[in-house]
2 protein chains.
Amino acid sequence: MRPQGVRSILAIASGKGGVGKSTVSSNLAVALAKQGRRVGLLDADIYGPSQPRMMGVNKRPASPDGKIIEPLHAHGVTMMSIGLMLEPDKAVVWRGPMLMGALQQMMSQVRWGELDVLIVDLPPGTGDVQLTLCQKSAPTGAIVVSTPQDVALIDARRAMDMFKTLKTPVLGLIENMSTFHCPKCGHEAHIFGHGGVEAEAETLGLPFLGALPIDLDTRLAGDGGTPIAAGEGPIAQAYAQLADRLVQGGIA
Amino acid sequence: MRPQGVRSILAIASGKGGVGKSTVSSNLAVALAKQGRRVGLLDADIYGPSQPRMMGVNKRPASPDGKIIEPLHAHGVTMMSIGLMLEPDKAVVWRGPMLMGALQQMMSQVRWGELDVLIVDLPPGTGDVQLTLCQKSAPTGAIVVSTPQDVALIDARRAMDMFKTLKTPVLGLIENMSTFHCPKCGHEAHIFGHGGVEAEAETLGLPFLGALPIDLDTRLAGDGGTPIAAGEGPIAQAYAQLADRLVQGGIA
């Protein structure tokens with residue numbers, strides 16, 4: 001089920017939802033594209049496909065022959081999202097076999113072309129989509145995103161245990177929403193804690209790939225359809241460094 | 001599958017994960033118990049069961065006859081969580097039928113006793129657990145929790161559409177992480193936006209049940225096992241008001 005022409009598949013995962021997995025996925029994709037990599041972004045978060053909004057794309061993908069689906073393009077990234085195939089505001093009550101069918105379709109029927117890396121934005125948790133991806137597409141590795149508070153780390157551990165069971169290497173951990181800098185006085189608040197993910201990475205002997213702040217501009221950029229990594233500034237730089245690291249490591 | 005002796009079942013739902021659904025569930029349960037209601041809390045968030053941590057309970061539930069499971073008790077609330085049945089740090093790759101079996105077990109084999117209301121903390125999204133609950137247990141209604149930003153509201157709409165399809169009344173919407181007050185200078189930052197959920201409720205003609213801030217003390221209380229509603233202060237008061245409203249409405 002690994003698309004032909006795709007050199008590397010990188011899964012972006014989390015245990016808990018709402019930790020910024022989609023934000024990290026889109027920004028990392030854009031940062032890699034800025035460095036000249038050929039990047040695909042597959043939004044497999046069936047329950048909350050955020051990439052059409054975050055990448056500013058809401059066209060229905062064309063399929064002239066009714067079989068091969070043409071991906072869309074935004075900010076230098078080739079992309080596809082389950083959200084583009086659904087009616088807006090309508091719920092799909094996804095049962096297991098439907099989930100697997102949708103993922104397989106997005107993997108094998110989309111004309112991904114030649115890619116250095118395909119980033120897969122997974123749903124949170126440890127369910128059918130993760131299982132199918134790991135068993136059928138043999139991802140090069142997974143990056144686990146977590147916020148630092150205990151209730152998020154508990155779930156992140158479960159996700160990492162799942163990847164271990166499925167023999168998908170965990171390439172490292174990212175701490176998101178690590179600090180909040182008050183835009184008025186600069187005070188640094190640790191709303192969701194701080195440092196928990198780095199400590200966890202150390203305990204597990206896994207690489208710690210960096211900490212990203214909880215940041216109003218990042219959220220506004222995502223809601224606005226242009227990931228913050230497309231511009232300049234400290235957050236864009238943090239993503240550029242993360243991208244660098246993956247390129248150096250031969251992952252992307 | 002509705003447990004005998006349970007007068008009302010209240011589902012706490014969200015589209016997107018990480019919007020604070022579990023925090024709202026535990027605090028609402030505690031606030032209702034403080035008002036003398038007999039309250040149960042069923043943590044059905046298979047992918048991220050946070051209630052053992054948030055309620056400060058981590059004993060394995062007893063089952064002397066191997067059939068009936070004794071619930072646990074904390075802060076005046078009778079509770080059960082899928083997290084108490086799992087090994088910590090171990091992933092369970094839940095497939096659809098397992099999900100439904102686990103939910104049914106927690107509904108029908110737990111000795112819930114006489115309850116005015118059973119609060120069910122659902123997983124995010126629109127999947128097997130939601131479907132099974134609505135079809136088998138006929139909840140009195142659902143409350144949808146969302147943060148105000150666009151990517152969260154998109155998913156919340158899908159969740160509400162699901163409840164409509166399943167004929168479960170949506171009793172109202174709660175805006176969580178509405179504002180952040182800098183602990184140093186008091187500056188009010190709208191990290192995840194502000195007012196979006198109230199506007200959405202108005203559009204849909206549904207009750208807006210209130211806005212809760214993004215708050216360090218709330219998070220610390222949750223990580224520490226004593227929901228902030230168990231104490232005094234403005235957040236506890238907000239939950240008391242919400243509890244009042246549900247009691248007045250005959251829901252709890």
# chains A, B, ... in the order shown; residues from 1 in each chain; ligands from 1
$ closest_atom_pairs --of "chain A" --to "chain B" --cutoff "7 Å" --atoms "only C-alpha atoms" --output "tab-separated table"
residue	atom	partner	partner_atom	distance
A:Gly15	CA	B:Gly48	CA	6.9
A:Lys16	CA	B:Gly48	CA	5.9
A:Gly17	CA	B:Gly17	CA	3.9
A:Gly18	CA	B:Gly18	CA	3.7
A:Val19	CA	B:Gly18	CA	6.4
A:Tyr47	CA	B:Gly125	CA	4.9
A:Gly48	CA	B:Asp155	CA	5.6
A:Ser50	CA	B:Val151	CA	6.0
A:Arg53	CA	B:Val151	CA	6.9
A:Asp89	CA	B:Arg158	CA	4.9
A:Lys90	CA	B:Arg158	CA	5.1
A:Ala91	CA	B:Arg158	CA	4.3
A:Val92	CA	B:Thr126	CA	6.8
A:Val93	CA	B:Gly127	CA	5.2
A:Trp94	CA	B:Gly127	CA	5.3
A:Arg95	CA	B:Asp128	CA	6.0
A:Gly96	CA	B:Gly96	CA	5.5
A:Gly125	CA	B:Tyr47	CA	4.9
A:Thr126	CA	B:Val93	CA	5.2
A:Gly127	CA	B:Val93	CA	5.2
A:Asp128	CA	B:Arg95	CA	6.0
A:Asp150	CA	B:Asp223	CA	6.0
A:Val151	CA	B:Ser50	CA	6.0
A:Ile154	CA	B:Asp89	CA	6.6
A:Asp155	CA	B:Gly48	CA	5.6
A:Arg157	CA	B:Asp89	CA	5.2
A:Arg158	CA	B:Ala91	CA	4.3
A:Ala159	CA	B:Ala91	CA	6.2
A:Asp161	CA	B:Ala91	CA	5.5
A:Met162	CA	B:Ala91	CA	5.1
A:Cys182	CA	B:Cys182	CA	6.3
A:Lys184	CA	B:His187	CA	6.6
A:Cys185	CA	B:Cys185	CA	6.5
A:His187	CA	B:Lys184	CA	6.5
A:Ile191	CA	B:Leu216	CA	4.9
A:Phe192	CA	B:Arg219	CA	6.9
A:Asp215	CA	B:Ile191	CA	6.9
A:Leu216	CA	B:Ile191	CA	4.9
A:Arg219	CA	B:Phe192	CA	6.9
A:Asp223	CA	B:Asp150	CA	6.0
$ residues_around --residues "B:Gln237" --least-positions-apart "6" --cutoff "10 Å" --atoms "only C-alpha atoms" --output "PDB file with all heavy atoms, in the first residue's frame"
ATOM      1  N   ALA B  31     -19.236  19.028  40.778  1.00  0.00           N
ATOM      2  CA  ALA B  31     -20.135  20.144  41.113  1.00  0.00           C
ATOM      3  C   ALA B  31     -21.555  19.631  41.391  1.00  0.00           C
ATOM      4  O   ALA B  31     -22.232  20.105  42.313  1.00  0.00           O
ATOM      5  CB  ALA B  31     -20.148  21.166  39.975  1.00  0.00           C
ATOM      6  N   ILE B 228     -10.906  21.103  40.176  1.00  0.00           N
ATOM      7  CA  ILE B 228     -10.964  22.445  40.765  1.00  0.00           C
ATOM      8  C   ILE B 228     -12.367  22.740  41.315  1.00  0.00           C
ATOM      9  O   ILE B 228     -12.518  23.518  42.269  1.00  0.00           O
ATOM     10  CB  ILE B 228     -10.490  23.506  39.743  1.00  0.00           C
ATOM     11  CG1 ILE B 228     -10.123  24.805  40.450  1.00  0.00           C
ATOM     12  CG2 ILE B 228     -11.516  23.727  38.627  1.00  0.00           C
ATOM     13  CD1 ILE B 228      -9.196  25.704  39.667  1.00  0.00           C
ATOM     14  N   ALA B 229     -13.388  22.094  40.778  1.00  0.00           N
ATOM     15  CA  ALA B 229     -14.757  22.306  41.251  1.00  0.00           C
ATOM     16  C   ALA B 229     -14.962  21.793  42.672  1.00  0.00           C
ATOM     17  O   ALA B 229     -15.943  22.145  43.329  1.00  0.00           O
ATOM     18  CB  ALA B 229     -15.762  21.630  40.312  1.00  0.00           C
ATOM     19  N   GLY B 231     -13.177  22.634  45.113  1.00  0.00           N
ATOM     20  CA  GLY B 231     -12.826  23.718  46.026  1.00  0.00           C
ATOM     21  C   GLY B 231     -13.741  24.923  45.862  1.00  0.00           C
ATOM     22  O   GLY B 231     -14.912  24.797  45.524  1.00  0.00           O
ATOM     23  N   ALA B 243     -23.959  23.272  36.895  1.00  0.00           N
ATOM     24  CA  ALA B 243     -24.660  22.168  37.563  1.00  0.00           C
ATOM     25  C   ALA B 243     -26.093  22.579  37.893  1.00  0.00           C
ATOM     26  O   ALA B 243     -27.053  21.846  37.614  1.00  0.00           O
ATOM     27  CB  ALA B 243     -23.904  21.770  38.831  1.00  0.00           C
TER      28      ALA B 243
END
$ closest_residue --among "B:Gly56, B:Gly172, B:Pro148, B:Gly113" --to "B:Thr226" --atoms "only C-alpha atoms"
B:Gly56
$ closest_residue --among "A:Asp244, A:Glu202, A:Glu175, A:Asp116" --to "A:Gly40" --atoms "only C-alpha atoms"
A:Asp116
$ residues_around --residues "B:Leu41" --least-positions-apart "6" --cutoff "10 Å" --atoms "only C-alpha atoms" --output "VMD selection string"
chain B and resid 9 to 10 25 to 26 28 to 30 51 55 71 to 73 77 to 81 112 117 to 121
$ residues_around --residues "A:Ala142" --least-positions-apart "3" --cutoff "8 Å" --atoms "only C-alpha atoms" --output "ChimeraX atom specification"
/A:10-13,139,163,168-172
$ select_by_dssp --residues "stretch 25-167 of chain B" --states "alpha helix (DSSP H)" --output "PDB file with C-alpha atoms, in the first residue's frame"
ATOM      1  CA  SER B  25     -16.804  16.015  32.724  1.00  0.00           C
ATOM      2  CA  SER B  26     -14.978  15.558  36.023  1.00  0.00           C
ATOM      3  CA  ASN B  27     -15.670  19.078  37.249  1.00  0.00           C
ATOM      4  CA  LEU B  28     -19.325  18.924  36.323  1.00  0.00           C
ATOM      5  CA  ALA B  29     -19.651  15.564  38.090  1.00  0.00           C
ATOM      6  CA  VAL B  30     -18.035  16.954  41.245  1.00  0.00           C
ATOM      7  CA  ALA B  31     -20.135  20.144  41.113  1.00  0.00           C
ATOM      8  CA  LEU B  32     -23.341  18.103  40.849  1.00  0.00           C
ATOM      9  CA  ALA B  33     -22.263  15.846  43.724  1.00  0.00           C
ATOM     10  CA  LYS B  34     -21.604  18.926  45.872  1.00  0.00           C
ATOM     11  CA  GLN B  51     -10.438  10.261  34.599  1.00  0.00           C
ATOM     12  CA  PRO B  52      -8.305   8.025  36.855  1.00  0.00           C
ATOM     13  CA  ARG B  53      -5.682  10.784  36.923  1.00  0.00           C
ATOM     14  CA  MET B  54      -8.156  13.659  37.075  1.00  0.00           C
ATOM     15  CA  MET B  55     -10.261  12.114  39.855  1.00  0.00           C
ATOM     16  CA  GLY B  96     -14.633  -1.516  16.497  1.00  0.00           C
ATOM     17  CA  PRO B  97     -16.184  -4.608  18.102  1.00  0.00           C
ATOM     18  CA  MET B  98     -13.810  -4.415  21.090  1.00  0.00           C
ATOM     19  CA  LEU B  99     -14.846  -0.819  21.640  1.00  0.00           C
ATOM     20  CA  MET B 100     -18.488  -1.726  21.734  1.00  0.00           C
ATOM     21  CA  GLY B 101     -17.877  -4.660  24.060  1.00  0.00           C
ATOM     22  CA  ALA B 102     -15.918  -2.512  26.499  1.00  0.00           C
ATOM     23  CA  LEU B 103     -18.616   0.154  26.580  1.00  0.00           C
ATOM     24  CA  GLN B 104     -21.366  -2.395  27.083  1.00  0.00           C
ATOM     25  CA  GLN B 105     -19.421  -3.993  29.911  1.00  0.00           C
ATOM     26  CA  MET B 106     -18.950  -0.677  31.650  1.00  0.00           C
ATOM     27  CA  MET B 107     -22.626   0.110  31.283  1.00  0.00           C
ATOM     28  CA  SER B 108     -24.191  -3.167  32.269  1.00  0.00           C
ATOM     29  CA  ASP B 128     -18.111   3.452  17.286  1.00  0.00           C
ATOM     30  CA  VAL B 129     -18.363   4.453  20.955  1.00  0.00           C
ATOM     31  CA  GLN B 130     -20.681   7.382  20.266  1.00  0.00           C
ATOM     32  CA  LEU B 131     -22.785   5.298  17.927  1.00  0.00           C
ATOM     33  CA  THR B 132     -23.146   2.447  20.401  1.00  0.00           C
ATOM     34  CA  LEU B 133     -23.966   4.736  23.312  1.00  0.00           C
ATOM     35  CA  CYS B 134     -26.650   6.633  21.426  1.00  0.00           C
ATOM     36  CA  GLN B 135     -28.215   3.550  19.890  1.00  0.00           C
ATOM     37  CA  LYS B 136     -28.143   1.293  22.940  1.00  0.00           C
ATOM     38  CA  SER B 137     -28.456   3.588  25.946  1.00  0.00           C
ATOM     39  CA  ASP B 150     -12.124  27.514  13.532  1.00  0.00           C
ATOM     40  CA  VAL B 151     -10.466  24.101  13.324  1.00  0.00           C
ATOM     41  CA  ALA B 152     -12.260  23.054  16.508  1.00  0.00           C
ATOM     42  CA  LEU B 153     -15.651  24.429  15.464  1.00  0.00           C
ATOM     43  CA  ILE B 154     -15.501  22.538  12.147  1.00  0.00           C
ATOM     44  CA  ASP B 155     -15.217  19.281  14.101  1.00  0.00           C
ATOM     45  CA  ALA B 156     -17.844  20.310  16.668  1.00  0.00           C
ATOM     46  CA  ARG B 157     -20.346  20.794  13.836  1.00  0.00           C
ATOM     47  CA  ARG B 158     -19.716  17.272  12.653  1.00  0.00           C
ATOM     48  CA  ALA B 159     -20.305  15.934  16.164  1.00  0.00           C
ATOM     49  CA  MET B 160     -23.583  17.824  16.427  1.00  0.00           C
ATOM     50  CA  ASP B 161     -24.679  16.503  13.061  1.00  0.00           C
ATOM     51  CA  MET B 162     -23.972  12.982  14.334  1.00  0.00           C
ATOM     52  CA  PHE B 163     -26.156  13.492  17.413  1.00  0.00           C
ATOM     53  CA  LYS B 164     -28.925  14.828  15.201  1.00  0.00           C
ATOM     54  CA  THR B 165     -28.726  11.727  13.000  1.00  0.00           C
TER      55      THR B 165
END
$ select_by_dssp --residues "stretch 108-221 of chain A" --states "strand (DSSP E or B)" --output "PyMOL selection string"
chain A and resi 110+115+117-121+141-146+170-175+180-181+188-189+208-211
$ residues_around --residues "A:Leu173" --least-positions-apart "4" --cutoff "6 Å" --atoms "only C-alpha atoms" --output "PyMOL selection string"
chain A and resi 143-145+208-209
$ write_last_selection --atoms "N, CA, C and O atoms" --output "compact mmCIF listing (two decimals), in the first residue's frame"
# COMPACT_ATOMS: atom_id res chain seq x y z
N ILE A 143 6.88 10.28 14.58
CA ILE A 143 7.22 11.30 15.57
C ILE A 143 6.00 11.47 16.46
O ILE A 143 4.87 11.58 15.96
N VAL A 144 6.21 11.44 17.76
CA VAL A 144 5.09 11.57 18.70
C VAL A 144 5.08 12.99 19.28
O VAL A 144 6.09 13.45 19.82
N VAL A 145 3.96 13.66 19.11
CA VAL A 145 3.78 15.02 19.65
C VAL A 145 2.99 14.91 20.94
O VAL A 145 1.99 14.19 21.01
N PHE A 208 14.88 13.65 21.77
CA PHE A 208 13.96 14.76 22.00
C PHE A 208 14.17 15.75 20.87
O PHE A 208 15.27 16.27 20.68
N LEU A 209 13.13 15.99 20.08
CA LEU A 209 13.30 16.77 18.85
C LEU A 209 13.03 18.26 19.03
O LEU A 209 13.15 19.02 18.08
